[in-house]
Structure formats: C-alpha cells, structure tokens
>>> print(open('model_26.tsv').read())   # TSV, C-alpha atoms
chain	number	residue	atom	x	y	z
A	4	MET	CA	3.92	15.34	-38.56
A	5	THR	CA	0.90	13.02	-38.73
A	6	GLY	CA	-0.83	14.73	-41.65
A	7	ARG	CA	-3.53	16.28	-39.47
A	8	THR	CA	-3.06	19.65	-37.81
A	9	LEU	CA	-4.90	20.12	-34.54
A	10	SER	CA	-5.65	23.14	-32.42
A	11	ILE	CA	-4.68	22.20	-28.85
A	12	ALA	CA	-5.37	24.22	-25.71
A	13	MET	CA	-3.38	23.70	-22.50
A	14	ILE	CA	-5.18	24.98	-19.39
A	15	GLY	CA	-4.78	24.98	-15.62
A	16	THR	CA	-1.12	25.90	-15.04
A	17	ARG	CA	0.84	29.09	-14.52
A	18	GLY	CA	1.80	28.81	-18.15
A	19	VAL	CA	5.03	29.37	-20.03
A	20	PRO	CA	7.92	30.05	-19.75
A	21	ALA	CA	8.12	27.33	-17.09
A	22	ARG	CA	9.38	28.76	-13.81
A	23	TYR	CA	7.46	26.96	-11.10
A	24	GLY	CA	6.72	23.26	-11.11
A	25	GLY	CA	6.09	20.01	-12.91
A	26	PHE	CA	2.94	21.04	-14.76
A	27	GLU	CA	4.62	24.11	-16.20
A	28	THR	CA	7.63	22.06	-17.25
A	29	ALA	CA	5.38	19.55	-19.00
A	30	VAL	CA	3.43	22.29	-20.80
A	31	GLU	CA	6.62	23.92	-22.07
A	32	GLU	CA	8.35	20.73	-23.12
A	33	VAL	CA	5.31	19.04	-24.65
A	34	GLY	CA	3.64	22.16	-26.05
A	35	SER	CA	6.77	23.36	-27.83
A	36	ARG	CA	7.26	19.96	-29.44
A	37	LEU	CA	3.62	19.77	-30.56
A	38	ALA	CA	3.99	23.24	-32.06
A	39	ALA	CA	7.17	22.16	-33.85
A	40	ARG	CA	5.20	19.25	-35.33
A	41	GLY	CA	2.77	21.71	-36.87
A	42	HIS	CA	-0.06	21.84	-34.34
A	43	ARG	CA	-1.57	25.11	-33.17
A	44	VAL	CA	-0.90	25.20	-29.44
A	45	VAL	CA	-2.46	27.76	-27.10
A	46	VAL	CA	-1.24	27.97	-23.49
A	47	TYR	CA	-3.29	29.86	-20.89
A	48	CYS	CA	-0.90	31.77	-18.61
A	49	ARG	CA	-1.11	33.77	-15.39
A	50	ARG	CA	0.28	37.28	-15.37
A	51	THR	CA	4.09	37.45	-15.32
A	52	GLU	CA	6.87	39.67	-16.60
A	53	HIS	CA	6.41	37.91	-19.97
A	54	ASP	CA	2.90	39.31	-20.51
A	55	ASP	CA	4.01	41.24	-23.61
A	56	ASP	CA	5.15	38.04	-25.30
A	57	GLU	CA	2.34	36.71	-27.49
A	58	THR	CA	4.26	33.59	-28.44
A	59	TYR	CA	6.85	31.39	-26.79
A	60	LEU	CA	8.67	28.51	-28.47
A	61	GLY	CA	5.97	28.34	-31.12
A	62	MET	CA	3.08	28.34	-28.62
A	63	ARG	CA	0.56	31.17	-28.41
A	64	ARG	CA	0.22	32.66	-24.93
A	65	VAL	CA	-3.13	33.86	-23.61
A	66	THR	CA	-2.55	35.75	-20.36
A	67	LEU	CA	-5.40	36.13	-17.87
A	68	PRO	CA	-5.54	37.25	-14.21
A	69	ALA	CA	-6.05	35.12	-11.11
A	70	LEU	CA	-7.08	35.76	-7.52
A	71	ARG	CA	-3.96	35.84	-5.35
A	72	ARG	CA	-5.24	33.50	-2.67
A	73	ARG	CA	-3.90	30.00	-2.22
A	74	SER	CA	-7.33	28.36	-2.21
A	75	LEU	CA	-8.63	30.29	-5.22
A	76	GLU	CA	-5.66	31.11	-7.45
A	77	THR	CA	-5.74	28.01	-9.64
A	78	LEU	CA	-9.50	27.69	-9.94
A	79	SER	CA	-10.09	31.40	-10.63
A	80	HIS	CA	-7.55	31.46	-13.44
A	81	THR	CA	-8.85	28.24	-14.95
A	82	ALA	CA	-12.42	29.58	-14.82
A	83	LEU	CA	-11.40	32.60	-16.90
A	84	SER	CA	-9.40	30.35	-19.24
A	85	VAL	CA	-12.30	27.97	-19.79
A	86	GLY	CA	-14.64	30.89	-20.44
A	87	HIS	CA	-12.21	32.34	-22.97
A	88	LEU	CA	-11.77	28.98	-24.70
A	89	ALA	CA	-15.50	28.16	-24.75
A	90	ALA	CA	-16.14	31.29	-26.82
A	91	ARG	CA	-13.73	30.00	-29.47
A	92	ARG	CA	-13.08	26.71	-31.17
A	93	THR	CA	-10.36	24.18	-30.45
A	94	ASP	CA	-10.00	20.53	-31.36
A	95	VAL	CA	-8.67	19.29	-28.02
A	96	ALA	CA	-8.05	20.62	-24.52
A	97	PHE	CA	-5.51	19.31	-22.01
A	98	VAL	CA	-6.52	20.39	-18.49
A	99	PHE	CA	-3.84	20.10	-15.83
A	100	ASN	CA	-4.77	19.45	-12.18
A	101	ALA	CA	-7.85	17.53	-11.08
A	102	ALA	CA	-8.74	20.53	-8.89
A	103	ASN	CA	-10.08	22.15	-12.07
A	104	ALA	CA	-12.57	19.35	-12.69
A	105	PRO	CA	-15.70	21.35	-11.63
A	106	LEU	CA	-15.13	23.51	-14.74
A	107	LEU	CA	-15.07	20.60	-17.20
A	108	PRO	CA	-18.83	20.74	-18.00
A	109	VAL	CA	-18.26	24.14	-19.63
A	110	LEU	CA	-15.85	22.56	-22.10
A	111	ARG	CA	-18.13	19.59	-22.63
A	112	ALA	CA	-21.05	21.92	-23.37
A	113	SER	CA	-18.85	23.49	-26.04
A	114	ARG	CA	-18.17	20.01	-27.45
A	115	VAL	CA	-14.45	20.23	-26.74
A	116	PRO	CA	-12.94	16.79	-26.00
A	117	VAL	CA	-10.78	17.03	-22.90
A	118	ALA	CA	-8.09	15.03	-21.14
A	119	THR	CA	-7.31	15.85	-17.52
A	120	HIS	CA	-3.81	15.42	-16.15
A	121	VAL	CA	-4.69	14.40	-12.60
A	122	ASP	CA	-1.22	14.92	-11.01
A	123	GLY	CA	-0.53	13.43	-7.59
A	124	LEU	CA	-2.65	12.87	-4.51
A	125	GLU	CA	-3.34	16.53	-3.80
A	126	TRP	CA	-5.71	15.81	-0.91
A	127	ARG	CA	-2.75	14.45	1.05
A	128	ARG	CA	-0.90	17.77	1.07
A	129	ALA	CA	-0.60	19.15	4.57
A	130	LYS	CA	-1.25	22.72	3.44
A	131	TRP	CA	-4.95	21.90	2.93
A	132	GLY	CA	-7.35	21.76	5.85
A	133	PRO	CA	-10.32	19.37	6.09
A	134	THR	CA	-12.43	21.41	3.66
A	135	GLY	CA	-9.63	21.55	1.09
A	136	ARG	CA	-8.98	17.85	1.36
A	137	ARG	CA	-12.64	17.01	0.87
A	138	TYR	CA	-12.69	19.31	-2.15
A	139	TYR	CA	-9.73	17.55	-3.77
A	140	ARG	CA	-11.19	14.11	-3.10
A	141	ARG	CA	-14.43	15.20	-4.73
A	142	ALA	CA	-12.53	16.79	-7.62
A	143	GLU	CA	-10.91	13.42	-8.37
A	144	GLU	CA	-14.37	11.91	-8.79
A	145	LEU	CA	-15.49	14.76	-11.05
A	146	ALA	CA	-12.35	14.42	-13.19
A	147	VAL	CA	-13.21	10.75	-13.70
A	148	ARG	CA	-16.86	11.55	-14.42
A	149	TRP	CA	-16.38	14.45	-16.84
A	150	SER	CA	-13.06	13.87	-18.63
A	151	ASP	CA	-12.85	12.03	-21.92
A	152	ALA	CA	-9.47	10.70	-20.82
A	153	LEU	CA	-7.20	10.87	-17.77
A	154	ILE	CA	-3.43	11.36	-17.81
A	155	ALA	CA	-1.19	10.01	-15.03
A	156	ASP	CA	2.53	10.76	-14.81
A	157	ALA	CA	3.53	7.83	-12.57
A	158	PRO	CA	2.63	4.15	-12.27
A	159	GLY	CA	1.49	4.71	-8.69
A	160	ILE	CA	-1.01	7.37	-9.80
A	161	ALA	CA	-2.31	5.11	-12.58
A	162	ALA	CA	-2.76	2.28	-10.08
A	163	TYR	CA	-4.55	4.59	-7.64
A	164	TYR	CA	-7.19	5.58	-10.23
A	165	ASP	CA	-7.61	1.96	-11.26
A	166	GLU	CA	-8.07	0.72	-7.69
A	167	GLU	CA	-10.06	3.70	-6.40
A	168	PHE	CA	-12.37	4.32	-9.38
A	169	GLY	CA	-11.91	1.35	-11.69
A	170	VAL	CA	-10.75	3.49	-14.63
A	171	GLY	CA	-7.73	3.47	-16.87
A	172	THR	CA	-5.34	6.34	-17.57
A	173	ARG	CA	-2.84	7.29	-20.25
A	174	LEU	CA	0.52	6.93	-18.54
A	175	LEU	CA	2.57	9.90	-19.75
A	176	SER	CA	5.61	10.62	-17.62
A	177	TYR	CA	7.95	13.62	-17.70
A	178	GLY	CA	11.25	13.76	-19.53
A	179	ALA	CA	14.68	13.98	-17.92
A	180	PRO	CA	17.20	16.49	-19.29
A	181	VAL	CA	20.52	14.60	-19.45
A	182	GLN	CA	23.71	16.54	-18.71
A	183	GLU	CA	27.21	15.27	-19.44
A	184	ASP	CA	30.42	17.26	-18.94
A	185	ALA	CA	28.38	20.13	-17.52
A	186	ALA	CA	30.03	23.51	-17.11
A	187	HIS	CA	30.76	24.76	-13.60
A	188	ASP	CA	31.79	28.37	-14.16
A	189	ARG	CA	28.71	29.74	-12.37
A	190	LEU	CA	29.24	27.89	-9.10
A	191	GLY	CA	31.69	30.50	-7.87
A	192	GLU	CA	28.79	32.97	-7.67
A	193	LEU	CA	27.62	30.96	-4.64
A	194	GLY	CA	31.09	30.21	-3.34
A	195	LEU	CA	30.87	26.55	-4.40
A	196	VAL	CA	33.16	24.08	-6.18
A	197	PRO	CA	32.26	20.92	-8.17
A	198	GLY	CA	31.53	17.98	-5.90
A	199	GLY	CA	31.89	20.19	-2.86
A	200	PHE	CA	28.30	20.38	-1.59
A	201	HIS	CA	25.05	18.50	-1.05
A	202	LEU	CA	21.89	19.87	-2.70
A	203	LEU	CA	18.19	20.10	-1.85
A	204	VAL	CA	15.71	21.77	-4.24
A	205	ALA	CA	12.06	22.04	-3.21
A	206	ARG	CA	9.13	24.26	-2.43
A	207	PHE	CA	8.87	24.58	1.34
A	208	GLU	CA	5.82	22.41	1.98
A	209	PRO	CA	5.46	19.69	4.65
A	210	GLU	CA	4.95	16.83	2.19
A	211	ASN	CA	8.35	17.70	0.65
A	212	HIS	CA	10.02	16.97	4.01
A	213	VAL	CA	12.53	19.81	3.77
A	214	ASP	CA	12.65	20.18	7.55
A	215	LEU	CA	13.27	16.46	7.99
A	216	ALA	CA	16.15	16.50	5.49
A	217	VAL	CA	17.72	19.57	7.08
A	218	ARG	CA	17.48	18.04	10.56
A	219	GLY	CA	19.13	14.88	9.29
A	220	TYR	CA	21.92	16.83	7.69
A	221	VAL	CA	22.57	18.81	10.89
A	222	ASP	CA	22.75	15.55	12.84
A	223	SER	CA	25.24	14.08	10.37
A	224	GLY	CA	28.98	14.37	10.36
A	225	ALA	CA	28.98	15.75	6.82
A	226	ARG	CA	31.89	18.05	5.97
A	227	LEU	CA	30.39	19.40	2.75
A	228	PRO	CA	27.77	22.16	3.08
A	229	LEU	CA	24.09	21.61	2.32
A	230	VAL	CA	22.75	24.09	-0.25
A	231	VAL	CA	18.98	24.51	0.11
A	232	VAL	CA	17.26	25.99	-2.96
A	233	GLY	CA	13.62	26.98	-2.60
A	234	SER	CA	10.93	28.87	-0.77
A	235	ALA	CA	7.13	28.89	-0.88
A	236	PRO	CA	4.27	31.33	-1.17
A	237	TYR	CA	1.61	31.02	1.55
A	238	ALA	CA	3.95	28.96	3.79
A	239	ASP	CA	5.52	31.32	6.32
A	240	GLU	CA	5.03	28.94	9.25
A	241	TYR	CA	6.60	25.96	7.53
A	242	THR	CA	9.45	28.13	6.23
A	243	ARG	CA	10.13	29.08	9.84
A	244	GLN	CA	10.20	25.39	10.81
A	245	VAL	CA	12.69	24.64	8.05
A	246	HIS	CA	15.04	27.39	9.21
A	247	GLU	CA	14.67	26.29	12.83
A	248	ALA	CA	15.62	22.75	11.79
A	249	ALA	CA	19.04	24.09	10.76
A	250	ARG	CA	19.64	25.13	14.39
A	251	GLY	CA	22.06	27.84	13.29
A	252	ASP	CA	24.42	25.31	11.69
A	253	ALA	CA	26.76	27.27	9.41
A	254	ARG	CA	27.01	24.27	7.09
A	255	VAL	CA	23.39	24.83	5.94
A	256	ARG	CA	23.12	27.49	3.26
A	257	PHE	CA	19.68	28.78	2.32
A	258	VAL	CA	19.95	30.49	-1.07
A	259	GLY	CA	16.21	31.01	-1.79
A	260	GLY	CA	14.66	30.40	-5.18
A	261	VAL	CA	17.05	30.03	-8.11
A	262	TRP	CA	15.28	30.89	-11.35
A	263	ASP	CA	18.41	31.03	-13.50
A	264	ALA	CA	18.23	27.73	-15.42
A	265	GLU	CA	21.94	27.70	-16.25
A	266	LEU	CA	22.98	28.15	-12.63
A	267	LEU	CA	20.44	25.58	-11.44
A	268	ASP	CA	21.70	23.05	-13.99
A	269	GLN	CA	25.21	23.49	-12.64
A	270	LEU	CA	24.01	22.98	-9.08
A	271	TYR	CA	22.31	19.70	-10.02
A	272	ALA	CA	25.28	18.51	-12.05
A	273	HIS	CA	28.02	19.21	-9.52
A	274	ALA	CA	26.43	18.31	-6.19
A	275	SER	CA	27.88	15.36	-4.32
A	276	THR	CA	24.34	14.17	-3.52
A	277	TYR	CA	20.82	15.41	-4.11
A	278	LEU	CA	18.25	15.14	-1.29
A	279	HIS	CA	14.70	14.65	-2.55
A	280	GLY	CA	11.88	14.70	0.01
A	281	HIS	CA	8.81	14.90	-2.26
A	282	SER	CA	6.19	12.31	-1.36
A	283	VAL	CA	2.77	12.92	-2.99
A	284	GLY	CA	3.25	14.39	-6.46
A	285	GLY	CA	3.90	11.47	-8.83
A	286	THR	CA	6.98	11.58	-11.05
A	287	ASN	CA	8.83	14.73	-10.05
A	288	PRO	CA	10.72	16.89	-12.60
A	289	SER	CA	13.30	17.96	-10.02
A	290	LEU	CA	14.12	14.32	-9.32
A	291	LEU	CA	14.50	13.64	-13.04
A	292	ARG	CA	16.66	16.73	-13.42
A	293	ALA	CA	18.98	15.51	-10.67
A	294	ILE	CA	19.43	12.02	-12.05
A	295	GLY	CA	19.77	13.37	-15.58
A	296	ALA	CA	22.70	15.39	-14.24
A	297	GLY	CA	24.26	12.19	-12.89
A	298	THR	CA	23.95	13.08	-9.22
A	299	ALA	CA	23.64	10.41	-6.54
A	300	THR	CA	20.19	10.79	-5.02
A	301	ILE	CA	18.81	10.17	-1.54
A	302	ALA	CA	15.01	10.22	-1.72
A	303	PHE	CA	12.05	9.97	0.62
A	304	ASP	CA	10.91	6.35	0.57
A	305	VAL	CA	7.63	6.25	-1.38
A	306	SER	CA	6.59	4.34	-4.48
A	307	PHE	CA	6.79	7.38	-6.78
A	308	ASN	CA	10.49	7.84	-6.04
A	309	ARG	CA	11.31	4.14	-6.16
A	310	ASP	CA	9.63	3.93	-9.59
A	311	VAL	CA	12.27	6.36	-10.84
A	312	LEU	CA	15.38	5.42	-8.86
A	313	ALA	CA	14.90	1.69	-8.20
A	314	ASP	CA	18.02	0.07	-6.71
A	315	ASP	CA	20.28	2.91	-7.86
A	316	GLY	CA	18.80	5.30	-5.28
A	317	ARG	CA	19.18	5.55	-1.53
A	318	TYR	CA	16.13	6.23	0.65
A	319	PHE	CA	15.13	7.84	3.94
A	320	ARG	CA	12.14	8.09	6.25
A	321	SER	CA	13.69	9.86	9.24
A	322	PRO	CA	16.42	12.38	10.07
A	323	ALA	CA	18.54	9.47	11.29
A	324	ASP	CA	18.27	7.87	7.83
A	325	VAL	CA	19.39	11.12	6.19
A	326	ALA	CA	22.38	11.42	8.50
A	327	LEU	CA	23.42	7.81	7.84
A	328	GLU	CA	23.16	8.17	4.06
A	329	LEU	CA	25.09	11.45	3.97
A	330	ASP	CA	27.86	10.04	6.15
A	331	ASP	CA	28.08	6.97	3.87
A	332	ALA	CA	28.14	9.19	0.78
A	333	GLU	CA	31.09	11.21	2.02
A	334	ARG	CA	32.88	8.16	3.39
A	335	ASP	CA	32.96	6.50	-0.06
A	336	ALA	CA	32.96	9.25	-2.66
A	337	ALA	CA	33.82	6.85	-5.49
A	338	ALA	CA	30.78	4.65	-4.83
A	339	THR	CA	28.62	7.76	-4.55
A	340	ALA	CA	29.80	9.00	-7.94
A	341	GLU	CA	29.15	5.57	-9.47
A	342	ARG	CA	25.53	5.65	-8.23
A	343	GLY	CA	25.17	9.01	-9.90
A	344	ARG	CA	26.43	7.63	-13.22
A	345	ALA	CA	24.01	4.70	-12.97
A	346	LEU	CA	21.14	7.12	-12.34
A	347	ARG	CA	22.09	9.16	-15.42
A	348	GLU	CA	21.67	6.00	-17.48
A	349	ARG	CA	18.25	5.44	-15.92
A	350	ALA	CA	17.34	9.02	-16.83
A	351	ARG	CA	17.76	8.23	-20.52
A	352	ARG	CA	14.54	6.23	-20.29
A	353	TYR	CA	12.61	9.44	-19.68
A	354	ASP	CA	12.57	11.22	-23.02
A	355	TRP	CA	10.54	14.38	-23.76
A	356	ASP	CA	10.25	13.49	-27.45
A	357	ASP	CA	8.58	10.21	-26.53
A	358	VAL	CA	6.33	11.98	-24.02
A	359	ALA	CA	5.25	14.55	-26.62
A	360	LEU	CA	4.43	11.78	-29.09
A	361	GLY	CA	2.23	10.23	-26.41
A	362	TYR	CA	0.37	13.51	-25.98
A	363	GLU	CA	0.01	13.82	-29.75
A	364	ARG	CA	-1.47	10.32	-30.02
A	365	LEU	CA	-3.90	11.13	-27.24
A	366	ALA	CA	-4.86	14.43	-28.91
A	367	LEU	CA	-5.54	12.63	-32.19
A	368	ASP	CA	-7.63	10.01	-30.38
A	369	LEU	CA	-9.61	12.74	-28.61
A	370	ALA	CA	-10.23	14.64	-31.82
A	371	ALA	CA	-11.40	11.42	-33.49
A	372	ARG	CA	-13.56	10.61	-30.44
A	373	ASP	CA	-11.62	7.37	-30.18
A	374	VAL	CA	-11.57	7.34	-26.36
A	375	PRO	CA	-13.90	5.75	-23.80
A	376	GLY	CA	-15.40	9.11	-22.81
A	377	PRO	CA	-16.62	10.15	-19.35
A	378	GLN	CA	-16.73	7.35	-16.82
A	379	ARG	CA	-19.34	6.46	-14.28
A	380	VAL	CA	-17.62	6.75	-10.90
A	381	ARG	CA	-17.35	3.37	-9.23
A	382	ARG	CA	-15.46	3.91	-6.02
A	383	ARG	CA	-13.91	0.61	-5.01
A	384	ARG	CA	-12.61	1.70	-1.64
A	385	SER	CA	-13.98	4.01	0.99
A	386	ALA	CA	-10.83	4.27	3.12
A	387	TRP	CA	-8.19	6.86	2.38
A	388	PRO	CA	-5.00	4.97	1.44
A	389	ASP	CA	-1.75	5.80	3.17
A	390	GLU	CA	0.07	5.64	-0.12
A	391	ALA	CA	-0.79	5.22	-3.77
A	392	PRO	CA	-0.34	1.53	-4.68
A	393	GLU	CA	2.37	0.15	-6.88
A	394	ALA	CA	1.69	-0.58	-10.53
A	395	ALA	CA	3.38	-2.93	-12.92
A	396	THR	CA	2.61	-0.89	-16.02
A	397	GLN	CA	5.34	0.81	-18.05
A	398	THR	CA	5.46	4.58	-18.17
A	399	VAL	CA	5.17	6.19	-21.60
A	400	GLY	CA	8.40	8.09	-22.10
A	401	ALA	CA	10.35	5.60	-19.99
A	402	ARG	CA	12.26	3.41	-22.40
A	403	ASP	CA	13.09	-0.24	-21.69
>>> encode(input="model_26.tsv", output="structure tokens")
Amino acid sequence: MTGRTLSIAMIGTRGVPARYGGFETAVEEVGSRLAARGHRVVVYCRRTEHDDDETYLGMRRVTLPALRRRSLETLSHTALSVGHLAARRTDVAFVFNAANAPLLPVLRASRVPVATHVDGLEWRRAKWGPTGRRYYRRAEELAVRWSDALIADAPGIAAYYDEEFGVGTRLLSYGAPVQEDAAHDRLGELGLVPGGFHLLVARFEPENHVDLAVRGYVDSGARLPLVVVGSAPYADEYTRQVHEAARGDARVRFVGGVWDAELLDQLYAHASTYLHGHSVGGTNPSLLRAIGAGTATIAFDVSFNRDVLADDGRYFRSPADVALELDDAERDAAATAERGRALRERARRYDWDDVALGYERLALDLAARDVPGPQRVRRRRSAWPDEAPEAATQTVGARD
C-alpha cells in the first residue's frame, strides 16, 4: 500500500463478476487488486443474477438499469452511473469506453478527475452504420478534450491517439493468466480429449472474422474438429452467416457461449490450436488467455495481434491462409506444441499485478492533479486510417 487510501469509481462496463469482454475482465482483475491494496473501489454494474451481491472480491457493486438496445445500452447505463456518482464524492474515476465521453462534463463539473480507457477503434466495427461510426469518431475527440488522462491497452492504440490527436496515453495492457499442467477432466462433457480439437472463442461480429475462420477450416484437410465457442446479442444475421460458412460440415461444433470459467480454461489449455480473428479491439483478453494456456495460435494479421504474438504466432488474412495453417499444424504436431510453449513464455510478460500497479500510479497522479489535464483536440489527419499504426513504446504490464 502507498500510504494513501483513495476512493476509486469504475464506470462504463457491464461490471463484475466479469462474464463478457475485455473491459469487464480488466475491471475485475484491476479493481480487486486495488481493493486488496486498501483502496475503496466502487464498480457500476448492469443488472445480472448477482444483483443481491453488494460486494465482490473486495469491490462494492452499484447495480443500475440500462436500456436493452444495442445503440443505447452502454450510454444509458453510464448516464445513470455518472448521475449517481456525481451526487457523491470520489477521488478518481476510471471511465471505460470512449463512447461514454459525452458524459464526462458531468464528472468534471463535480471536480472528479477522470481517466478514460479508450479501447480499440470502435468506429471500424461493422455492426455500426454511418451514424454510429460518426458518433464514435466524435466520441474519440471528446474523450481527448474532456479526460484528464487517456488509457490505451495496446501500442497500436497509443500510436493512433498520438498520430490522430497529438496526445499521449498511459499504456496499460491486460494480464495473461498462465496455465501449466492444466486439468482436463471437464473436456469429456463436450466429448473432447486433450490435443484433439481446434478452438475458436469470439463474439459473433464481422470484425472478429468468425465466418472467415470457419470457411478456412471447412476448406482444410484437418482431422481434428473445430470447437466454436461464442454467440452475440443483436447479431442474428451475422450468426446465420457463420453457421452457413460451416456448410453442414460435421467437423465444426458450435457449442454456444461457455460461461463456466473452469471448463473454458480447459478448452484453451488443451486445444491443438487457437484461431483468433479479432481485428479492431487492441490487446485482447481471449488472445492472452490462449497463449497463457500454452496453445499455438493462428491470428488475424493486424498490428494488435502481432504486438502480442510476434514471431511465435501464425497469421491469416483469408480462408486459404486458415486452411494452410491448420494443415501445417496437424502435419507437424511437435512443432505446433513448441510454438504453444514459446507463447506461454511470452504470456508471462503480461502480468495483472503490474497492470494494477500502473492503474494505482495513475489514480494517485489524478488525485494529486499531476496529469496534463484535458487536451485541445489537434487532429493531425483527416483520412480514416485502414489500421492503427505501429508503436515502438513498451506496454505497461508487459515485462522485458
């Protein structure tokens, strides 16, 4: 403990326990560690089956409703959260998702210093139409203008904000849970054996390229089945495309969402390969979970994934690439297993304790007003980039 106890609010996610995505994982892992270090941590949560739980891993839960519409769910919940927080006093607020930036003036009027975790390039997600994309582009500008500090979870995101707006960020990655000698007693529930399947875990959204990966698998000569874990709210059409991509191939097994952490850990740890198609979201917790389990990974070829996997990963851009990589993986199982072991060693660089210390340092700086404060937006480029640029900076939480 640093000697100073802070009250810290975490706003803008579905809350804890983490059952959905990267933001929720970060809130649970970081918030619980900050609480263990003596800080008073409040997490604003959407309604779940845990609504009766006032605390979780040392964090206090404040549960508020949200409008159940894709375009309004996040912002409506954050609006209620900000209103609730503004009527009270906290030393620091961490706001997750730049989409919530229009609500930052309420916190500033209450003299609450705030850092915004800007996430990935949300305006590039195919699920948003032209209006949604314009909104997210504008929200990036407002996050820069009204935040006291910005948090990026990947070098490519940090470089994007530097090149696009001329501002710096705190580079705070996610941690990777490392598994060694993982149990496999739960695999039989799905009719699986260790090393006897390929794995894909993702929400069914176009920018996660689930359909592309499934098509590539179907076109391959793979003998091992492909286990597809995931689904998506608000994405019936894309879900249909994903299932059509399987073309009735009995080797493809759709198992839906798996919320049992123990079973999911065993799937990551005992897959022959993990297919990762995410392309716009910065450092991805599912990718870190796979490499922490020591699983050879074949990832969509973008800077965010190369930042994590480097030369120990394999990459794809087309179904043909997927087919080639899967055939190679099965042809030389020993080399595939060795790549997985090398990736587990890379995963040790991503440590949640280090990440939490980075958040604590930022919280202390915010409380002491030892940050640059809101920035004047200076857009350096008018064109929309095809991909966030590379950055040479080192990620906090990624050890040398």
>>> closest_residue(input="model_26.tsv", among="A:Ile154, A:Ala104, A:Ala118, A:Ala359", to="A:Glu31", atoms="all atoms listed in the file")
A:Ala359
>>> closest_residue(input="model_26.tsv", among="A:Gly198, A:Gly191, A:Gly18, A:Gly285", to="A:Asp122", atoms="all atoms listed in the file")
A:Gly285
>>> closest_residue(input="model_26.tsv", among="A:Val121, A:Ala216, A:Ala350, A:Leu312", to="A:Glu328", atoms="all atoms listed in the file")
A:Ala216
>>> atom_distance(input="model_26.tsv", atom1="atom CA of A:Gly219", atom2="atom CA of A:Ala326")
4.8 Å
>>> residues_near_point(input="model_26.tsv", point="(14.0, 8.1, 2.7)", cutoff="7 Å", atoms="all atoms listed in the file", output="JSON, numbers by chain")
{"A": [301, 302, 303, 304, 318, 319, 320, 321, 324]}
>>> residues_around(input="model_26.tsv", residues="A:Arg43", least_positions_apart="4", cutoff="12 Å", atoms="only C-alpha atoms", output="list of chain:residue names")
A:Arg7, A:Thr8, A:Leu9, A:Ser10, A:Ile11, A:Ala12, A:Met13, A:Gly34, A:Ser35, A:Arg36, A:Leu37, A:Ala38, A:Ala39, A:Thr58, A:Leu60, A:Gly61, A:Met62, A:Arg63, A:Arg64, A:Arg92, A:Thr93, A:Asp94, A:Val95, A:Ala96, A:Glu363, A:Ala366
